[in-house]
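structure05.pdb follows (PDB, C-alpha atoms):
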MODEL        1
ATOM      1  CA  MET A   1      -7.401 -48.669  21.653
ATOM      2  CA  LYS A   2      -5.819 -49.705  18.408
ATOM      3  CA  ALA A   3      -5.852 -46.173  16.958
ATOM      4  CA  LYS A   4      -3.199 -45.173  19.468
ATOM      5  CA  PHE A   5      -0.581 -46.871  17.346
ATOM      6  CA  LEU A   6      -1.394 -44.430  14.613
ATOM      7  CA  ILE A   7      -0.606 -41.335  16.670
ATOM      8  CA  PRO A   8       3.160 -41.329  16.011
ATOM      9  CA  LEU A   9       2.520 -42.004  12.342
ATOM     10  CA  VAL A  10       0.065 -39.121  12.094
ATOM     11  CA  LEU A  11       2.491 -36.829  13.937
ATOM     12  CA  PHE A  12       5.282 -37.889  11.627
ATOM     13  CA  LEU A  13       3.210 -37.264   8.523
ATOM     14  CA  ALA A  14       2.160 -33.840   9.815
ATOM     15  CA  LEU A  15       5.774 -32.899  10.494
ATOM     16  CA  ALA A  16       6.899 -34.262   7.125
ATOM     17  CA  ALA A  17       4.188 -32.235   5.380
ATOM     18  CA  LEU A  18       5.253 -29.083   7.244
ATOM     19  CA  LEU A  19       8.917 -29.576   6.400
ATOM     20  CA  GLY A  20       7.999 -30.537   2.836
ATOM     21  CA  VAL A  21       6.261 -27.192   2.364
ATOM     22  CA  GLY A  22       9.287 -25.481   3.880
ATOM     23  CA  LEU A  23      11.584 -27.174   1.372
ATOM     24  CA  GLY A  24       9.499 -25.795  -1.463
ATOM     25  CA  LEU A  25       9.954 -22.193  -0.352
ATOM     26  CA  ASN A  26      12.746 -20.126  -1.780
ATOM     27  CA  PRO A  27      14.846 -18.691   1.060
ATOM     28  CA  LYS A  28      16.372 -16.184  -1.359
ATOM     29  CA  GLU A  29      13.049 -14.402  -1.546
ATOM     30  CA  VAL A  30      13.031 -12.126   1.449
ATOM     31  CA  PRO A  31       9.749 -10.233   1.687
ATOM     32  CA  SER A  32      10.585  -6.568   1.300
ATOM     33  CA  PRO A  33       9.347  -4.262   4.041
ATOM     34  CA  LEU A  34       9.201  -1.567   1.357
ATOM     35  CA  VAL A  35       6.149  -3.019  -0.385
ATOM     36  CA  GLY A  36       3.193  -0.776   0.439
ATOM     37  CA  LYS A  37       5.471   2.122   1.305
ATOM     38  CA  PRO A  38       6.467   5.197  -0.698
ATOM     39  CA  THR A  39       9.597   4.781  -2.799
ATOM     40  CA  PRO A  40      12.872   5.691  -1.115
ATOM     41  CA  LYS A  41      14.681   8.679  -2.502
ATOM     42  CA  LEU A  42      16.274   8.347  -5.879
ATOM     43  CA  SER A  43      18.592  11.086  -6.968
ATOM     44  CA  LEU A  44      21.242   9.832  -9.334
ATOM     45  CA  PRO A  45      22.916  10.939 -12.534
ATOM     46  CA  ALA A  46      21.643   9.358 -15.713
ATOM     47  CA  LEU A  47      23.940   6.776 -17.257
ATOM     48  CA  ASP A  48      24.159   8.522 -20.616
ATOM     49  CA  ASP A  49      24.216  12.059 -19.251
ATOM     50  CA  PRO A  50      25.823  12.719 -15.842
ATOM     51  CA  ASN A  51      24.296  16.204 -15.787
ATOM     52  CA  ARG A  52      20.758  14.879 -15.859
ATOM     53  CA  ILE A  53      19.575  13.872 -12.376
ATOM     54  CA  VAL A  54      16.992  11.090 -12.262
ATOM     55  CA  THR A  55      14.399  11.337  -9.466
ATOM     56  CA  THR A  56      11.269   9.371  -8.586
ATOM     57  CA  GLU A  57       9.134  12.540  -8.686
ATOM     58  CA  GLU A  58       9.271  12.745 -12.457
ATOM     59  CA  PHE A  59       7.328   9.485 -12.773
ATOM     60  CA  LEU A  60       4.484  10.358 -10.403
ATOM     61  CA  GLY A  61       1.000  10.055 -11.868
ATOM     62  CA  GLN A  62       1.558   6.805 -13.768
ATOM     63  CA  PRO A  63       2.535   3.263 -12.858
ATOM     64  CA  TRP A  64       6.145   2.517 -13.653
ATOM     65  CA  LEU A  65       8.832  -0.119 -13.174
ATOM     66  CA  LEU A  66      12.251   0.233 -11.647
ATOM     67  CA  ASN A  67      14.608  -2.498 -12.770
ATOM     68  CA  VAL A  68      17.923  -2.959 -10.969
ATOM     69  CA  TRP A  69      20.582  -4.431 -13.205
ATOM     70  CA  ALA A  70      24.302  -4.586 -13.848
ATOM     71  CA  THR A  71      26.530  -5.850 -16.627
ATOM     72  CA  TRP A  72      28.239  -8.294 -14.252
ATOM     73  CA  CYS A  73      24.899  -9.848 -13.368
ATOM     74  CA  VAL A  74      24.290 -13.006 -15.363
ATOM     75  CA  SER A  75      20.568 -13.344 -14.727
ATOM     76  CA  CYS A  76      20.100  -9.705 -15.767
ATOM     77  CA  ARG A  77      21.135 -10.756 -19.222
ATOM     78  CA  ALA A  78      18.596 -13.573 -19.086
ATOM     79  CA  GLU A  79      15.674 -11.286 -18.315
ATOM     80  CA  HIS A  80      16.762  -8.395 -20.536
ATOM     81  CA  HIS A  81      14.918  -9.438 -23.675
ATOM     82  CA  LEU A  82      11.661  -9.542 -21.691
ATOM     83  CA  LEU A  83      12.171  -5.947 -20.605
ATOM     84  CA  VAL A  84      12.903  -4.941 -24.200
ATOM     85  CA  GLU A  85       9.723  -6.711 -25.282
ATOM     86  CA  LEU A  86       7.726  -5.070 -22.490
ATOM     87  CA  SER A  87       9.010  -1.629 -23.405
ATOM     88  CA  LYS A  88       7.677  -2.021 -26.952
ATOM     89  CA  HIS A  89       4.107  -2.612 -25.790
ATOM     90  CA  GLY A  90       2.044   0.008 -24.057
ATOM     91  CA  ASN A  91       3.220   3.151 -22.455
ATOM     92  CA  LEU A  92       4.799   1.783 -19.321
ATOM     93  CA  PRO A  93       7.961   3.629 -18.329
ATOM     94  CA  ILE A  94      10.722   1.244 -17.292
ATOM     95  CA  VAL A  95      13.465   2.973 -15.371
ATOM     96  CA  GLY A  96      16.833   1.277 -15.056
ATOM     97  CA  LEU A  97      19.029   1.387 -12.002
ATOM     98  CA  ASP A  98      22.517   0.361 -12.982
ATOM     99  CA  TYR A  99      24.026  -1.039  -9.812
ATOM    100  CA  LYS A 100      27.752  -0.958  -8.984
ATOM    101  CA  ASP A 101      28.775  -1.011 -12.577
ATOM    102  CA  ASP A 102      31.172   0.393 -15.088
ATOM    103  CA  ALA A 103      29.506   3.161 -17.097
ATOM    104  CA  GLU A 104      31.180   2.258 -20.381
ATOM    105  CA  ALA A 105      30.351  -1.432 -20.050
ATOM    106  CA  ALA A 106      26.754  -0.521 -19.214
ATOM    107  CA  LYS A 107      26.379   1.712 -22.282
ATOM    108  CA  GLN A 108      27.876  -1.026 -24.423
ATOM    109  CA  TRP A 109      25.370  -3.527 -22.947
ATOM    110  CA  LEU A 110      22.423  -1.304 -23.866
ATOM    111  CA  ARG A 111      23.731  -0.820 -27.381
ATOM    112  CA  GLU A 112      24.146  -4.559 -27.851
ATOM    113  CA  LEU A 113      21.044  -5.936 -26.165
ATOM    114  CA  GLY A 114      18.665  -3.047 -26.726
ATOM    115  CA  ASN A 115      17.597  -0.327 -24.343
ATOM    116  CA  PRO A 116      14.196  -0.875 -22.701
ATOM    117  CA  TYR A 117      14.660   1.996 -20.245
ATOM    118  CA  VAL A 118      13.245   5.494 -20.548
ATOM    119  CA  VAL A 119      16.253   6.474 -18.489
ATOM    120  CA  THR A 120      18.902   4.602 -16.526
ATOM    121  CA  ALA A 121      20.052   5.961 -13.186
ATOM    122  CA  PHE A 122      23.680   5.171 -12.529
ATOM    123  CA  ASP A 123      24.413   4.026  -8.966
ATOM    124  CA  GLU A 124      28.138   3.524  -9.189
ATOM    125  CA  LYS A 125      28.741   2.954  -5.472
ATOM    126  CA  GLY A 126      25.477   1.160  -4.771
ATOM    127  CA  ARG A 127      24.555   3.565  -1.977
ATOM    128  CA  ILE A 128      21.067   4.385  -3.291
ATOM    129  CA  ALA A 129      20.417   0.692  -3.838
ATOM    130  CA  ILE A 130      20.900   0.146  -0.093
ATOM    131  CA  ASP A 131      18.015   2.556   0.538
ATOM    132  CA  TRP A 132      15.894   0.496  -1.825
ATOM    133  CA  GLY A 133      16.835  -2.705  -0.003
ATOM    134  CA  VAL A 134      18.535  -4.188  -3.056
ATOM    135  CA  TYR A 135      20.493  -7.320  -2.246
ATOM    136  CA  GLY A 136      20.409  -9.394  -5.361
ATOM    137  CA  THR A 137      20.256  -8.207  -8.917
ATOM    138  CA  PRO A 138      18.125  -8.248 -10.905
ATOM    139  CA  GLU A 139      15.293  -6.785  -8.895
ATOM    140  CA  THR A 140      12.165  -5.156 -10.263
ATOM    141  CA  TYR A 141       9.857  -2.799  -8.406
ATOM    142  CA  VAL A 142       6.308  -2.033  -9.527
ATOM    143  CA  ILE A 143       5.389   1.492  -8.456
ATOM    144  CA  ASP A 144       1.892   2.980  -8.594
ATOM    145  CA  LYS A 145       0.677   6.433  -9.596
ATOM    146  CA  LYS A 146       1.167   7.795  -6.104
ATOM    147  CA  GLY A 147       4.732   6.552  -5.875
ATOM    148  CA  ILE A 148       3.964   3.589  -3.610
ATOM    149  CA  ILE A 149       5.890   0.352  -4.188
ATOM    150  CA  ARG A 150       3.273  -2.298  -4.847
ATOM    151  CA  TYR A 151       5.359  -5.315  -5.763
ATOM    152  CA  LYS A 152       8.973  -6.340  -5.753
ATOM    153  CA  GLN A 153      10.398  -9.100  -7.878
ATOM    154  CA  ILE A 154      13.677 -10.528  -6.648
ATOM    155  CA  GLY A 155      15.630 -12.346  -9.302
ATOM    156  CA  PRO A 156      15.018 -12.428 -13.039
ATOM    157  CA  LEU A 157      11.611 -11.822 -14.562
ATOM    158  CA  ASP A 158      10.102 -14.642 -16.558
ATOM    159  CA  VAL A 159       7.068 -14.932 -18.771
ATOM    160  CA  LYS A 160       5.052 -16.620 -16.023
ATOM    161  CA  THR A 161       5.656 -13.905 -13.408
ATOM    162  CA  LEU A 162       4.992 -11.213 -15.975
ATOM    163  CA  GLU A 163       1.728 -12.717 -17.164
ATOM    164  CA  GLU A 164       0.424 -13.867 -13.803
ATOM    165  CA  LYS A 165       1.586 -11.128 -11.463
ATOM    166  CA  ILE A 166       3.086  -8.023 -12.979
ATOM    167  CA  LEU A 167       0.853  -7.367 -15.994
ATOM    168  CA  PRO A 168      -2.441  -7.893 -14.088
ATOM    169  CA  LEU A 169      -1.112  -5.664 -11.306
ATOM    170  CA  LEU A 170      -0.143  -2.974 -13.788
ATOM    171  CA  LYS A 171      -3.595  -3.126 -15.352
ATOM    172  CA  GLN A 172      -5.131  -2.647 -11.928
ATOM    173  CA  LEU A 173      -2.767   0.233 -11.170
ATOM    174  CA  GLN A 174      -3.684   1.942 -14.443
ATOM    175  CA  GLU A 175      -7.312   2.016 -13.348
ATOM    176  CA  GLU A 176      -6.589   3.476  -9.931
ATOM    177  CA  THR A 177      -6.884   7.217  -9.583
ATOM    178  CA  ALA A 178      -3.723   9.094  -8.860
TER     179      ALA A 178
ATOM    180  CA  MET B   1      63.126 -24.124  -7.745
ATOM    181  CA  LYS B   2      61.671 -27.378  -6.551
ATOM    182  CA  PRO B   3      57.944 -27.680  -7.147
ATOM    183  CA  MET B   4      57.325 -28.045  -3.420
ATOM    184  CA  THR B   5      59.205 -24.845  -2.609
ATOM    185  CA  ALA B   6      57.325 -23.017  -5.317
ATOM    186  CA  LEU B   7      54.030 -24.228  -3.920
ATOM    187  CA  LEU B   8      54.979 -23.154  -0.398
ATOM    188  CA  LEU B   9      56.012 -19.714  -1.589
ATOM    189  CA  THR B  10      52.752 -19.303  -3.461
ATOM    190  CA  LEU B  11      50.800 -20.276  -0.364
ATOM    191  CA  MET B  12      52.769 -17.770   1.706
ATOM    192  CA  LEU B  13      52.010 -15.025  -0.791
ATOM    193  CA  TRP B  14      48.340 -15.859  -0.509
ATOM    194  CA  ALA B  15      48.541 -15.513   3.251
ATOM    195  CA  THR B  16      49.909 -11.985   2.853
ATOM    196  CA  ALA B  17      47.105 -11.128   0.472
ATOM    197  CA  ALA B  18      44.564 -12.390   2.994
ATOM    198  CA  VAL B  19      46.017 -10.266   5.790
ATOM    199  CA  ALA B  20      45.978  -7.238   3.509
ATOM    200  CA  GLY B  21      42.246  -7.790   3.035
ATOM    201  CA  ILE B  22      41.401  -7.131   6.679
ATOM    202  CA  GLU B  23      39.583  -3.860   7.083
ATOM    203  CA  THR B  24      41.139  -1.355   9.418
ATOM    204  CA  ARG B  25      38.840   1.187  10.940
ATOM    205  CA  ALA B  26      39.581   4.122  13.186
ATOM    206  CA  PHE B  27      36.950   4.241  15.911
ATOM    207  CA  ASP B  28      36.324   7.237  18.130
ATOM    208  CA  SER B  29      35.967   5.175  21.281
ATOM    209  CA  PRO B  30      36.156   1.579  22.510
ATOM    210  CA  ALA B  31      32.386   1.715  23.038
ATOM    211  CA  GLN B  32      31.898   2.574  19.369
ATOM    212  CA  GLU B  33      34.152  -0.269  18.338
ATOM    213  CA  GLN B  34      32.186  -2.620  20.574
ATOM    214  CA  ALA B  35      28.892  -1.446  19.037
ATOM    215  CA  TYR B  36      30.318  -1.987  15.544
ATOM    216  CA  LYS B  37      31.451  -5.510  16.366
ATOM    217  CA  GLU B  38      28.125  -6.424  17.893
ATOM    218  CA  LEU B  39      26.243  -5.058  14.913
ATOM    219  CA  VAL B  40      28.247  -6.824  12.219
ATOM    220  CA  PHE B  41      27.887 -10.082  14.131
ATOM    221  CA  GLU B  42      24.151  -9.667  14.557
ATOM    222  CA  LEU B  43      23.264  -8.552  11.057
ATOM    223  CA  ARG B  44      22.760 -11.107   8.341
ATOM    224  CA  CYS B  45      24.384 -10.826   4.965
ATOM    225  CA  LEU B  46      21.519 -10.878   2.466
ATOM    226  CA  VAL B  47      23.663 -12.370  -0.281
ATOM    227  CA  CYS B  48      25.112 -15.367   1.535
ATOM    228  CA  GLN B  49      22.317 -15.861   3.949
ATOM    229  CA  ASN B  50      24.003 -18.121   6.429
ATOM    230  CA  GLN B  51      26.727 -15.632   7.159
ATOM    231  CA  ASN B  52      26.663 -12.459   9.155
ATOM    232  CA  LEU B  53      28.092  -9.198   7.898
ATOM    233  CA  ALA B  54      31.334  -9.792   9.756
ATOM    234  CA  ASP B  55      31.935 -13.132   8.030
ATOM    235  CA  SER B  56      30.871 -12.316   4.548
ATOM    236  CA  ASN B  57      33.025 -11.061   1.734
ATOM    237  CA  ALA B  58      30.113 -10.390  -0.564
ATOM    238  CA  GLU B  59      30.221  -6.897  -2.000
ATOM    239  CA  LEU B  60      26.957  -5.963  -0.372
ATOM    240  CA  ALA B  61      28.302  -7.083   3.010
ATOM    241  CA  VAL B  62      31.325  -4.834   2.546
ATOM    242  CA  ASP B  63      29.030  -1.924   1.653
ATOM    243  CA  LEU B  64      26.787  -2.594   4.620
ATOM    244  CA  ARG B  65      29.764  -2.805   6.988
ATOM    245  CA  ASN B  66      30.891   0.567   5.676
ATOM    246  CA  GLU B  67      27.384   1.871   6.193
ATOM    247  CA  VAL B  68      27.290   0.597   9.800
ATOM    248  CA  PHE B  69      30.660   2.213  10.440
ATOM    249  CA  ARG B  70      29.610   5.495   8.858
ATOM    250  CA  MET B  71      26.412   5.655  10.893
ATOM    251  CA  LEU B  72      28.212   4.955  14.162
ATOM    252  CA  LYS B  73      30.761   7.628  13.301
ATOM    253  CA  GLU B  74      27.894  10.035  12.790
ATOM    254  CA  GLY B  75      26.881   9.333  16.365
ATOM    255  CA  LYS B  76      23.939   7.053  15.588
ATOM    256  CA  SER B  77      23.023   4.538  18.271
ATOM    257  CA  LYS B  78      23.046   0.770  17.823
ATOM    258  CA  GLN B  79      19.274   0.735  17.732
ATOM    259  CA  GLU B  80      19.215   3.381  15.016
ATOM    260  CA  VAL B  81      21.514   1.264  12.859
ATOM    261  CA  LEU B  82      19.326  -1.812  13.417
ATOM    262  CA  ASP B  83      16.190   0.194  12.539
ATOM    263  CA  PHE B  84      17.905   1.440   9.366
ATOM    264  CA  MET B  85      18.625  -2.133   8.282
ATOM    265  CA  VAL B  86      15.187  -3.494   9.198
ATOM    266  CA  ALA B  87      13.488  -0.663   7.281
ATOM    267  CA  ARG B  88      15.324  -1.796   4.157
ATOM    268  CA  TYR B  89      15.667  -5.542   4.433
ATOM    269  CA  GLY B  90      13.027  -6.533   6.998
ATOM    270  CA  ASN B  91      13.438  -8.563  10.171
ATOM    271  CA  PHE B  92      15.216 -11.202   8.145
ATOM    272  CA  VAL B  93      18.371  -9.133   8.413
ATOM    273  CA  LEU B  94      18.448  -9.704  12.172
ATOM    274  CA  TYR B  95      20.013 -12.876  13.477
ATOM    275  CA  ARG B  96      18.064 -12.254  16.677
ATOM    276  CA  PRO B  97      14.531 -11.682  15.387
ATOM    277  CA  PRO B  98      12.099  -9.740  17.591
ATOM    278  CA  VAL B  99       9.297 -11.553  19.387
ATOM    279  CA  ASP B 100       6.113 -10.952  17.410
ATOM    280  CA  LYS B 101       3.238 -12.889  15.888
ATOM    281  CA  ALA B 102       5.265 -14.192  12.954
ATOM    282  CA  THR B 103       8.170 -15.392  15.083
ATOM    283  CA  SER B 104       6.240 -16.690  18.108
ATOM    284  CA  LEU B 105       6.507 -20.302  16.905
ATOM    285  CA  LEU B 106      10.247 -19.835  16.562
ATOM    286  CA  TRP B 107      10.610 -18.383  20.031
ATOM    287  CA  PHE B 108       8.159 -20.509  22.010
ATOM    288  CA  GLY B 109       7.987 -23.653  19.868
ATOM    289  CA  PRO B 110      10.936 -25.379  21.562
ATOM    290  CA  VAL B 111       9.561 -24.642  25.051
ATOM    291  CA  VAL B 112       6.136 -25.936  24.064
ATOM    292  CA  MET B 113       7.700 -29.071  22.551
ATOM    293  CA  LEU B 114       9.712 -29.651  25.728
ATOM    294  CA  ALA B 115       6.579 -29.229  27.856
ATOM    295  CA  ILE B 116       4.656 -31.710  25.687
ATOM    296  CA  GLY B 117       7.554 -34.153  25.905
ATOM    297  CA  LEU B 118       7.732 -33.854  29.697
ATOM    298  CA  LEU B 119       3.976 -34.284  29.958
ATOM    299  CA  ILE B 120       4.116 -37.479  27.898
ATOM    300  CA  VAL B 121       6.948 -38.841  30.052
ATOM    301  CA  VAL B 122       5.067 -38.034  33.269
ATOM    302  CA  ILE B 123       1.857 -39.638  32.008
ATOM    303  CA  PHE B 124       3.760 -42.680  30.823
ATOM    304  CA  ILE B 125       5.547 -43.166  34.158
ATOM    305  CA  ARG B 126       2.363 -42.666  36.197
ATOM    306  CA  ARG B 127       0.435 -45.219  34.145
ATOM    307  CA  HIS B 128       3.225 -47.705  34.320
ATOM    308  CA  ARG B 129       3.471 -47.431  38.078
ATOM    309  CA  ASN B 130      -0.238 -47.661  38.764
ATOM    310  CA  ARG B 131      -0.888 -50.657  36.611
ATOM    311  CA  PRO B 132      -2.007 -53.449  38.959
ATOM    312  CA  GLY B 133      -0.090 -56.702  38.778
ATOM    313  CA  ASP B 134       2.685 -55.109  36.799
ATOM    314  CA  SER B 135       6.076 -56.523  37.644
ATOM    315  CA  SER B 136       7.941 -53.327  36.893
ATOM    316  CA  PRO B 137      10.943 -52.638  39.155
ATOM    317  CA  ASP B 138       9.406 -49.587  40.826
ATOM    318  CA  GLU B 139       6.805 -51.783  42.463
ATOM    319  CA  VAL B 140       9.519 -53.321  44.568
ATOM    320  CA  ILE B 141      10.271 -49.954  46.119
ATOM    321  CA  PRO B 142       8.068 -49.409  49.181
ATOM    322  CA  GLU B 143       5.547 -46.591  48.893
ATOM    323  CA  ASP B 144       6.876 -44.637  51.898
ATOM    324  CA  ASP B 145      10.159 -44.022  50.060
ATOM    325  CA  PHE B 146       8.337 -41.414  47.987
TER     326      PHE B 146
ENDMDL
END
Represent the structure contained in this file as structure tokens.
Amino acid sequence: MKAKFLIPLVLFLALAALLGVGLGLNPKEVPSPLVGKPTPKLSLPALDDPNRIVTTEEFLGQPWLLNVWATWCVSCRAEHHLLVELSKHGNLPIVGLDYKDDAEAAKQWLRELGNPYVVTAFDEKGRIAIDWGVYGTPETYVIDKKGIIRYKQIGPLDVKTLEEKILPLLKQLQEETA
Amino acid sequence: MKPMTALLLTLMLWATAAVAGIETRAFDSPAQEQAYKELVFELRCLVCQNQNLADSNAELAVDLRNEVFRMLKEGKSKQEVLDFMVARYGNFVLYRPPVDKATSLLWFGPVVMLAIGLLIVVIFIRRHRNRPGDSSPDEVIPEDDF
């Protein structure tokens, strides 16, 4: 049987294909176990007003975004203009979560680059972010009307992700009944 | 000061700084300390993914070490700490992933590969031995030796 010679070659090609696919995956993207689950608790002072406590409950009944950022985070700067743009269109509340940051630097950042957030919760120690499974800023959570996390973006947003994933998802969430 | 001496002194200062960076923790019992050590060695740092919490100096790793310590101090069990981490970061946070559908290839793949390899070797040897007129060395050995 001549075909027998081909067996190692076929096996090799199969293995190479498998490993090739593996190389294409991004190991930094850890699937979050929180997707499909209710949001963890959020109870933090607002960045611009320490007396105002930001909670998830106040956003129930509408889809909203939670964007984790910090002034020391370089890719946060890269995605910021997209958030500003997004905040100008439609009535989607974008909530900021300022992670392990300096309050003054954060306020300065928002003044300089524009403020896309309806409110920014200030997580100085990063303790609340642990509950949300944050491990790399920026991260963006899409939350539905019932307060269930439906999607989590790890790393900066780009036009492609926004147009192909987040905006269609938000449209779908708008149509769902609360 | 000679440049060499200056360099040596600088290096020695660095060493002191490194020692000062070691975290000291007051445990309630040796068992608690043991649990802490096991946990920080078994949990993956999400930022530098090829390091465990014990190895990593990433800020998140420091926070998570503090969190592990705090939970143990509160009297939480090892399993409770692991569940806490998995609920937030998924099984990926465990360096020893549980056996389930997604990890079955990881757990049993090597055994299956070994079995396939052994099978191929056995088949190969059998064929070789049974081939009539083959002048392989094992033909010289009398049958009753087996």
Inset, instruction - Find the residues in chain B near chain A: any atom within 9 Å counts, using all atoms listed in the file. Write them as a list in words. - result: Cys45, Leu46, Val47, Gln49, Leu60, Asp63, Leu64, Glu67, Phe84, Met85, Val86, Ala87, Arg88, Tyr89, Gly90, Asn91 and Phe92 of chain B
Legend entry - Residues matched by the PyMOL selection byres ((chain A and resi 158-169) around 10), written as an NGL selection string: :A and (63 or 65 or 78-80 or 82-83 or 86 or 140-142 or 144 or 150-153 or 155-157 or 170-174)
Take the residues from that selection and write them out as an mmCIF file, in the coordinates of the input, keeping C-alpha atoms.
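part06.cif, written as the output of this step:
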data_model
loop_
_atom_site.group_PDB
_atom_site.id
_atom_site.type_symbol
_atom_site.label_atom_id
_atom_site.label_comp_id
_atom_site.auth_asym_id
_atom_site.auth_seq_id
_atom_site.Cartn_x
_atom_site.Cartn_y
_atom_site.Cartn_z
ATOM 1 C CA PRO A 63 2.535 3.263 -12.858
ATOM 2 C CA LEU A 65 8.832 -0.119 -13.174
ATOM 3 C CA ALA A 78 18.596 -13.573 -19.086
ATOM 4 C CA GLU A 79 15.674 -11.286 -18.315
ATOM 5 C CA HIS A 80 16.762 -8.395 -20.536
ATOM 6 C CA LEU A 82 11.661 -9.542 -21.691
ATOM 7 C CA LEU A 83 12.171 -5.947 -20.605
ATOM 8 C CA LEU A 86 7.726 -5.070 -22.490
ATOM 9 C CA THR A 140 12.165 -5.156 -10.263
ATOM 10 C CA TYR A 141 9.857 -2.799 -8.406
ATOM 11 C CA VAL A 142 6.308 -2.033 -9.527
ATOM 12 C CA ASP A 144 1.892 2.980 -8.594
ATOM 13 C CA ARG A 150 3.273 -2.298 -4.847
ATOM 14 C CA TYR A 151 5.359 -5.315 -5.763
ATOM 15 C CA LYS A 152 8.973 -6.340 -5.753
ATOM 16 C CA GLN A 153 10.398 -9.100 -7.878
ATOM 17 C CA GLY A 155 15.630 -12.346 -9.302
ATOM 18 C CA PRO A 156 15.018 -12.428 -13.039
ATOM 19 C CA LEU A 157 11.611 -11.822 -14.562
ATOM 20 C CA LEU A 170 -0.143 -2.974 -13.788
ATOM 21 C CA LYS A 171 -3.595 -3.126 -15.352
ATOM 22 C CA GLN A 172 -5.131 -2.647 -11.928
ATOM 23 C CA LEU A 173 -2.767 0.233 -11.170
ATOM 24 C CA GLN A 174 -3.684 1.942 -14.443
#
Inset, instruction - Pull out every residue that the PyMOL selection byres ((chain A and resi 60) around 9) matches in the shown coordinates and put them as JSON, numbers by chain. - result: {"A": [56, 57, 58, 59, 61, 62, 63, 64, 144, 145, 146, 147, 178]}
Legend entry - Pairwise distance for atom CA of A:Thr39 and atom CA of A:Ile149, rounded to one decimal in Å: 5.9 Å
Legend entry - Length of the atom CA of B:Gln34 to atom CA of B:Val62 vector [Å]: 18.2 Å
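Atom CA of B:Leu105 lies 25.0 Å from atom CA of B:Ile123.
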